[in-house]
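Enquirer: Please find entry-v2.cif (mmCIF, C-alpha atoms) on the next line:
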data_data
#
loop_
_atom_site.label_atom_id
_atom_site.label_comp_id
_atom_site.auth_asym_id
_atom_site.auth_seq_id
_atom_site.Cartn_x
_atom_site.Cartn_y
_atom_site.Cartn_z
CA ALA A 1 50.75 -63.83 -125.97
CA GLN A 2 50.60 -64.91 -122.37
CA LYS A 3 47.35 -66.17 -120.93
CA VAL A 4 46.17 -67.86 -117.75
CA THR A 5 42.96 -69.85 -117.66
CA GLN A 6 41.13 -70.87 -114.52
CA ALA A 7 38.17 -72.76 -115.87
CA GLN A 8 36.47 -73.23 -112.50
CA THR A 9 34.56 -70.10 -111.68
CA GLU A 10 33.17 -71.28 -108.36
CA ILE A 11 33.69 -74.35 -106.21
CA SER A 12 31.66 -75.24 -103.17
CA VAL A 13 32.83 -77.91 -100.71
CA VAL A 14 32.07 -79.05 -97.21
CA GLU A 15 34.72 -78.64 -94.55
CA LYS A 16 37.41 -81.37 -94.50
CA GLU A 17 36.96 -82.17 -98.16
CA ASP A 18 40.01 -81.97 -100.42
CA VAL A 19 39.73 -79.53 -103.29
CA THR A 20 41.87 -78.89 -106.37
CA LEU A 21 41.94 -75.59 -108.21
CA ASP A 22 43.00 -75.85 -111.82
CA CYS A 23 45.27 -73.46 -113.69
CA VAL A 24 46.36 -73.72 -117.31
CA TYR A 25 48.72 -71.20 -118.84
CA GLU A 26 49.97 -70.20 -122.27
CA THR A 27 53.29 -68.55 -122.98
CA ARG A 28 55.90 -68.52 -125.73
CA ASP A 29 58.62 -67.83 -123.22
CA THR A 30 60.93 -70.66 -122.28
CA THR A 31 61.48 -69.21 -118.85
CA TYR A 32 58.74 -67.81 -116.69
CA TYR A 33 57.31 -67.69 -113.20
CA LEU A 34 53.98 -69.03 -111.99
CA PHE A 35 52.14 -67.86 -108.89
CA TRP A 36 49.11 -68.43 -106.73
CA TYR A 37 47.46 -65.63 -104.78
CA LYS A 38 44.53 -65.70 -102.37
CA GLN A 39 41.98 -62.90 -102.03
CA PRO A 40 39.90 -63.36 -98.86
CA PRO A 41 36.66 -61.42 -98.32
CA SER A 42 38.67 -58.58 -96.78
CA GLY A 43 40.02 -57.89 -100.27
CA GLU A 44 43.80 -57.90 -99.85
CA LEU A 45 45.58 -60.28 -102.20
CA VAL A 46 47.97 -62.59 -100.39
CA PHE A 47 50.95 -64.27 -102.04
CA LEU A 48 50.97 -68.05 -101.63
CA ILE A 49 53.68 -69.46 -103.88
CA ARG A 50 56.06 -68.75 -106.78
CA ARG A 51 57.45 -71.44 -109.03
CA ASN A 52 59.93 -70.90 -111.85
CA SER A 53 59.71 -72.83 -115.07
CA PHE A 54 62.94 -74.70 -114.41
CA ASP A 55 61.61 -76.28 -111.27
CA GLU A 56 58.90 -78.88 -111.82
CA GLN A 57 59.10 -80.30 -108.34
CA ASN A 58 55.81 -80.39 -106.55
CA GLU A 59 55.61 -78.43 -103.35
CA ILE A 60 53.73 -78.99 -100.13
CA SER A 61 53.17 -76.44 -97.41
CA GLY A 62 50.96 -77.69 -94.64
CA ARG A 63 47.53 -78.38 -96.13
CA TYR A 64 48.49 -76.73 -99.41
CA SER A 65 50.20 -78.47 -102.30
CA TRP A 66 51.00 -77.47 -105.85
CA ASN A 67 51.44 -79.64 -108.92
CA PHE A 68 53.39 -78.09 -111.80
CA GLN A 69 53.37 -79.98 -115.09
CA LYS A 70 55.14 -78.29 -117.95
CA SER A 71 53.99 -80.95 -120.41
CA THR A 72 50.37 -79.91 -119.92
CA SER A 73 51.08 -76.25 -119.05
CA SER A 74 49.28 -76.65 -115.77
CA PHE A 75 49.95 -75.45 -112.25
CA ASN A 76 47.23 -76.87 -110.03
CA PHE A 77 46.65 -76.10 -106.38
CA THR A 78 45.22 -78.58 -103.88
CA ILE A 79 43.90 -77.82 -100.43
CA THR A 80 43.71 -80.88 -98.22
CA ALA A 81 41.10 -81.08 -95.46
CA SER A 82 39.62 -77.70 -96.36
CA GLN A 83 38.53 -75.30 -93.64
CA VAL A 84 36.05 -72.43 -93.59
CA VAL A 85 38.96 -69.99 -93.42
CA ASP A 86 40.04 -71.20 -96.86
CA SER A 87 36.99 -69.51 -98.37
CA ALA A 88 38.37 -66.92 -100.78
CA VAL A 89 39.02 -66.20 -104.41
CA TYR A 90 42.21 -67.85 -105.64
CA PHE A 91 44.19 -66.46 -108.55
CA CYS A 92 46.82 -68.14 -110.65
CA ALA A 93 49.28 -65.82 -112.39
CA LEU A 94 52.19 -65.84 -114.82
CA SER A 95 55.19 -63.58 -115.32
CA GLU A 96 57.83 -63.71 -118.01
CA PHE A 97 61.44 -64.07 -116.98
CA PRO A 98 63.63 -62.14 -117.29
CA GLY A 99 62.13 -58.73 -117.74
CA GLY A 100 58.65 -59.40 -116.47
CA TYR A 101 59.53 -58.25 -112.99
CA ASN A 102 56.24 -57.66 -111.22
CA LYS A 103 54.04 -57.59 -114.30
CA LEU A 104 51.77 -60.51 -113.56
CA ILE A 105 49.15 -61.89 -115.90
CA PHE A 106 46.32 -63.13 -113.72
CA GLY A 107 43.66 -65.70 -114.42
CA ALA A 108 40.01 -64.85 -113.77
CA GLY A 109 40.11 -66.49 -110.37
CA THR A 110 38.25 -69.35 -108.72
CA ARG A 111 35.89 -68.57 -105.88
CA LEU A 112 36.10 -71.27 -103.22
CA ALA A 113 33.34 -71.56 -100.64
CA VAL A 114 33.97 -73.96 -97.77
CA HIS A 115 30.85 -74.72 -95.75
CA PRO A 116 30.82 -76.03 -92.17
CA LYS B 1 56.05 -53.90 -90.05
CA ALA B 2 53.36 -51.65 -91.49
CA GLY B 3 51.68 -52.95 -94.62
CA VAL B 4 50.92 -51.23 -97.88
CA THR B 5 48.74 -48.17 -97.38
CA GLN B 6 46.47 -46.84 -100.07
CA THR B 7 44.51 -43.62 -99.94
CA PRO B 8 41.75 -42.80 -100.39
CA ARG B 9 39.93 -46.07 -99.83
CA TYR B 10 36.76 -44.97 -101.57
CA LEU B 11 35.99 -42.15 -103.91
CA ILE B 12 33.28 -41.06 -106.31
CA LYS B 13 33.98 -38.96 -109.36
CA THR B 14 32.05 -37.90 -112.42
CA ARG B 15 32.93 -38.46 -116.05
CA GLY B 16 35.59 -36.12 -117.34
CA GLN B 17 37.17 -35.47 -113.96
CA GLN B 18 40.59 -36.68 -112.97
CA VAL B 19 41.71 -38.62 -109.91
CA THR B 20 44.96 -39.22 -108.06
CA LEU B 21 45.49 -42.30 -105.92
CA SER B 22 48.31 -42.71 -103.46
CA CYS B 23 50.27 -45.71 -102.27
CA SER B 24 52.83 -46.02 -99.48
CA PRO B 25 54.80 -49.27 -99.81
CA ILE B 26 56.25 -51.37 -97.03
CA SER B 27 59.28 -49.71 -95.53
CA GLY B 28 62.39 -50.72 -97.46
CA HIS B 29 60.51 -51.82 -100.55
CA ARG B 30 61.60 -50.05 -103.72
CA SER B 31 59.08 -51.42 -106.19
CA VAL B 32 55.47 -50.36 -106.47
CA SER B 33 53.07 -51.94 -108.95
CA TRP B 34 49.52 -50.90 -109.76
CA TYR B 35 46.71 -53.18 -110.82
CA GLN B 36 43.12 -52.56 -111.82
CA GLN B 37 40.48 -55.07 -110.73
CA THR B 38 37.02 -55.13 -112.34
CA PRO B 39 34.33 -57.82 -112.48
CA GLY B 40 34.54 -57.93 -116.27
CA GLN B 41 38.28 -57.76 -116.96
CA GLY B 42 39.62 -59.17 -113.71
CA LEU B 43 43.05 -58.16 -112.48
CA GLN B 44 45.05 -56.18 -115.00
CA PHE B 45 48.55 -54.77 -114.65
CA LEU B 46 48.86 -51.02 -115.06
CA PHE B 47 52.52 -50.23 -114.40
CA GLU B 48 55.44 -50.80 -112.09
CA TYR B 49 57.90 -48.31 -110.67
CA PHE B 50 61.28 -49.17 -109.26
CA SER B 51 63.61 -46.54 -107.84
CA GLU B 52 61.52 -43.75 -109.37
CA THR B 53 61.64 -45.26 -112.88
CA GLN B 54 58.84 -46.97 -114.71
CA ARG B 55 60.08 -50.51 -115.19
CA ASN B 56 57.08 -52.03 -116.91
CA LYS B 57 53.79 -50.90 -118.39
CA GLY B 58 50.50 -52.60 -119.18
CA ASN B 59 48.10 -52.00 -122.04
CA PHE B 60 46.19 -49.02 -120.76
CA PRO B 61 45.59 -45.71 -122.53
CA GLY B 62 47.74 -42.67 -121.82
CA ARG B 63 45.04 -41.32 -119.50
CA PHE B 64 46.54 -43.63 -116.90
CA SER B 65 49.85 -42.41 -115.54
CA GLY B 66 51.94 -42.84 -112.47
CA ARG B 67 55.04 -41.75 -110.70
CA GLN B 68 57.23 -42.74 -107.80
CA PHE B 69 58.95 -40.46 -105.36
CA SER B 70 62.38 -40.76 -103.78
CA ASN B 71 60.82 -42.25 -100.63
CA SER B 72 59.25 -44.99 -102.82
CA ARG B 73 55.73 -43.69 -102.34
CA SER B 74 53.77 -43.80 -105.55
CA GLU B 75 50.81 -42.06 -107.10
CA MET B 76 48.71 -42.95 -110.06
CA ASN B 77 46.55 -40.53 -111.96
CA VAL B 78 43.62 -41.10 -114.26
CA SER B 79 42.55 -38.14 -116.36
CA THR B 80 39.29 -37.60 -118.24
CA LEU B 81 37.51 -40.32 -116.32
CA GLU B 82 35.17 -42.68 -118.13
CA LEU B 83 32.45 -44.89 -116.68
CA GLY B 84 34.60 -47.93 -117.47
CA ASP B 85 37.32 -46.69 -115.13
CA SER B 86 35.17 -47.67 -112.17
CA ALA B 87 37.25 -50.32 -110.45
CA LEU B 88 39.29 -51.35 -107.47
CA TYR B 89 42.82 -50.04 -107.91
CA LEU B 90 45.36 -52.15 -106.10
CA CYS B 91 48.86 -51.15 -105.19
CA ALA B 92 51.49 -53.78 -104.50
CA SER B 93 54.96 -53.38 -103.12
CA SER B 94 57.98 -55.60 -103.27
CA SER B 95 61.66 -55.32 -102.57
CA GLY B 96 62.16 -55.12 -106.32
CA GLY B 97 65.02 -57.57 -106.50
CA THR B 98 64.86 -60.31 -109.11
CA GLY B 99 65.00 -62.87 -106.33
CA ASN B 100 61.60 -61.68 -105.16
CA THR B 101 59.97 -61.28 -108.55
CA GLY B 102 56.22 -61.51 -108.28
CA GLU B 103 56.17 -61.82 -104.52
CA LEU B 104 53.90 -58.88 -104.02
CA PHE B 105 52.38 -57.37 -100.90
CA PHE B 106 49.06 -55.79 -101.78
CA GLY B 107 47.18 -52.95 -100.18
CA GLU B 108 43.44 -53.00 -99.57
CA GLY B 109 42.84 -50.94 -102.67
CA SER B 110 41.13 -47.71 -103.65
CA ARG B 111 37.61 -48.23 -104.93
CA LEU B 112 36.80 -45.68 -107.60
CA THR B 113 33.24 -45.13 -108.79
CA VAL B 114 32.72 -42.97 -111.85
CA LEU B 115 29.22 -41.56 -112.35
#
Spit out the file's structure as structure tokens when you get a sec.

Expert:
Amino acid sequence: AQKVTQAQTEISVVEKEDVTLDCVYETRDTTYYLFWYKQPPSGELVFLIRRNSFDEQNEISGRYSWNFQKSTSSFNFTITASQVVDSAVYFCALSEFPGGYNKLIFGAGTRLAVHP
Amino acid sequence: KAGVTQTPRYLIKTRGQQVTLSCSPISGHRSVSWYQQTPGQGLQFLFEYFSETQRNKGNFPGRFSGRQFSNSRSEMNVSTLELGDSALYLCASSSGGTGNTGELFFGEGSRLTVL
């Protein structure tokens, strides 16, 4: 069975601190997709990144970076120099490939509070 | 480009009633997925429709059903409502192509309260 675990329920940081959100996944599939989504207070989930299981390269996008390690089944997300606008709930998710299409298995989410 | 529109945004029903929620995807998107979000169970996949066909289904009872129309708009229906059906129901649209798998655009949701 597929499962996504986000062990950190809530994280509180002061602006400009770096913060890492952990994500550990379980799947029997050899090919799959991993995702991160952000849910700000307004409620709408926003897509941040997709990574397929063949590609273990880390990715950086501005202040955001992602570290995918197949050996530890982890897909961690780091925000550098956090800002108040980063305050949101962040979800890690998994989808089987092929056939999973848009059926995503979400983790419980990590609530990030960035204080001025 | 208009985003995903869900109606109604809020509704209150009583146990045993049924409810229909509507979702208009982004223009040109052919896939609509539905998710249920609750404090206890988190985000759970209900079903996905692509070109009017159900492409995937989650582990929900038959009381939960959906459909998609030729214009890609989608509805989901919950019959014989139970207290546990109280949740935020999120609709997400995507182009539906395998190259965009999982890249979903979510609506603001329909918050259902069952009394």

Enquirer: Given the file shown, enumerate the residues that the PyMOL selection byres ((chain A and resi 65) around 10) captures and present them as a list in words.

Expert: Thr20, Ile49, Asn58, Glu59, Ile60, Ser61, Gly62, Arg63, Tyr64, Trp66, Asn67, Asn76, Phe77, Thr78, Ile79 and Thr80 of chain A

Enquirer: May I ask which of the residues A:Phe75, A:Tyr37, A:Tyr25, A:Phe47 is the closest one to Arg111 of chain A, counting only C-alpha atoms?

Expert: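 Smallest distance to Arg111 of chain A is found for A:Tyr37.
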
Enquirer: Taking all atoms listed in the file into account, name the residue in B:Tyr10, B:Phe69, B:Trp34, B:Phe45 that is nearest to chain A.

Expert: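 Among the listed residues, the smallest separation from chain A belongs to B:Phe45.
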
Enquirer: Counting all atoms listed in the file, select every polymer residue within 9 Å of (32.0, -80.8, -91.2) as defined in the file's coordinates, and provide the selection as a VMD selection string.

Expert: chain A and resid 14 to 17 83 115 to 116

Enquirer: Could you give me, as a Markdown table, every chain A residue with an atom at most 7 Å from chain B, plus its closest atom pair and distance in Å to one decimal, counting only C-alpha atoms, rows ordered by chain then number?

Expert:
| residue | atom | partner | partner_atom | distance |
| --- | --- | --- | --- | --- |
| A:Gly43 | CA | B:Glu108 | CA | 6.0 |
| A:Glu44 | CA | B:Glu108 | CA | 4.9 |
| A:Leu45 | CA | B:Phe106 | CA | 5.7 |
| A:Val46 | CA | B:Phe105 | CA | 6.9 |
| A:Phe47 | CA | B:Glu103 | CA | 6.3 |
| A:Tyr101 | CA | B:Thr101 | CA | 5.4 |
| A:Asn102 | CA | B:Gly102 | CA | 4.8 |
| A:Lys103 | CA | B:Phe45 | CA | 6.2 |
| A:Leu104 | CA | B:Phe45 | CA | 6.7 |
| A:Phe106 | CA | B:Leu43 | CA | 6.1 |
| A:Ala108 | CA | B:Gly42 | CA | 5.7 |
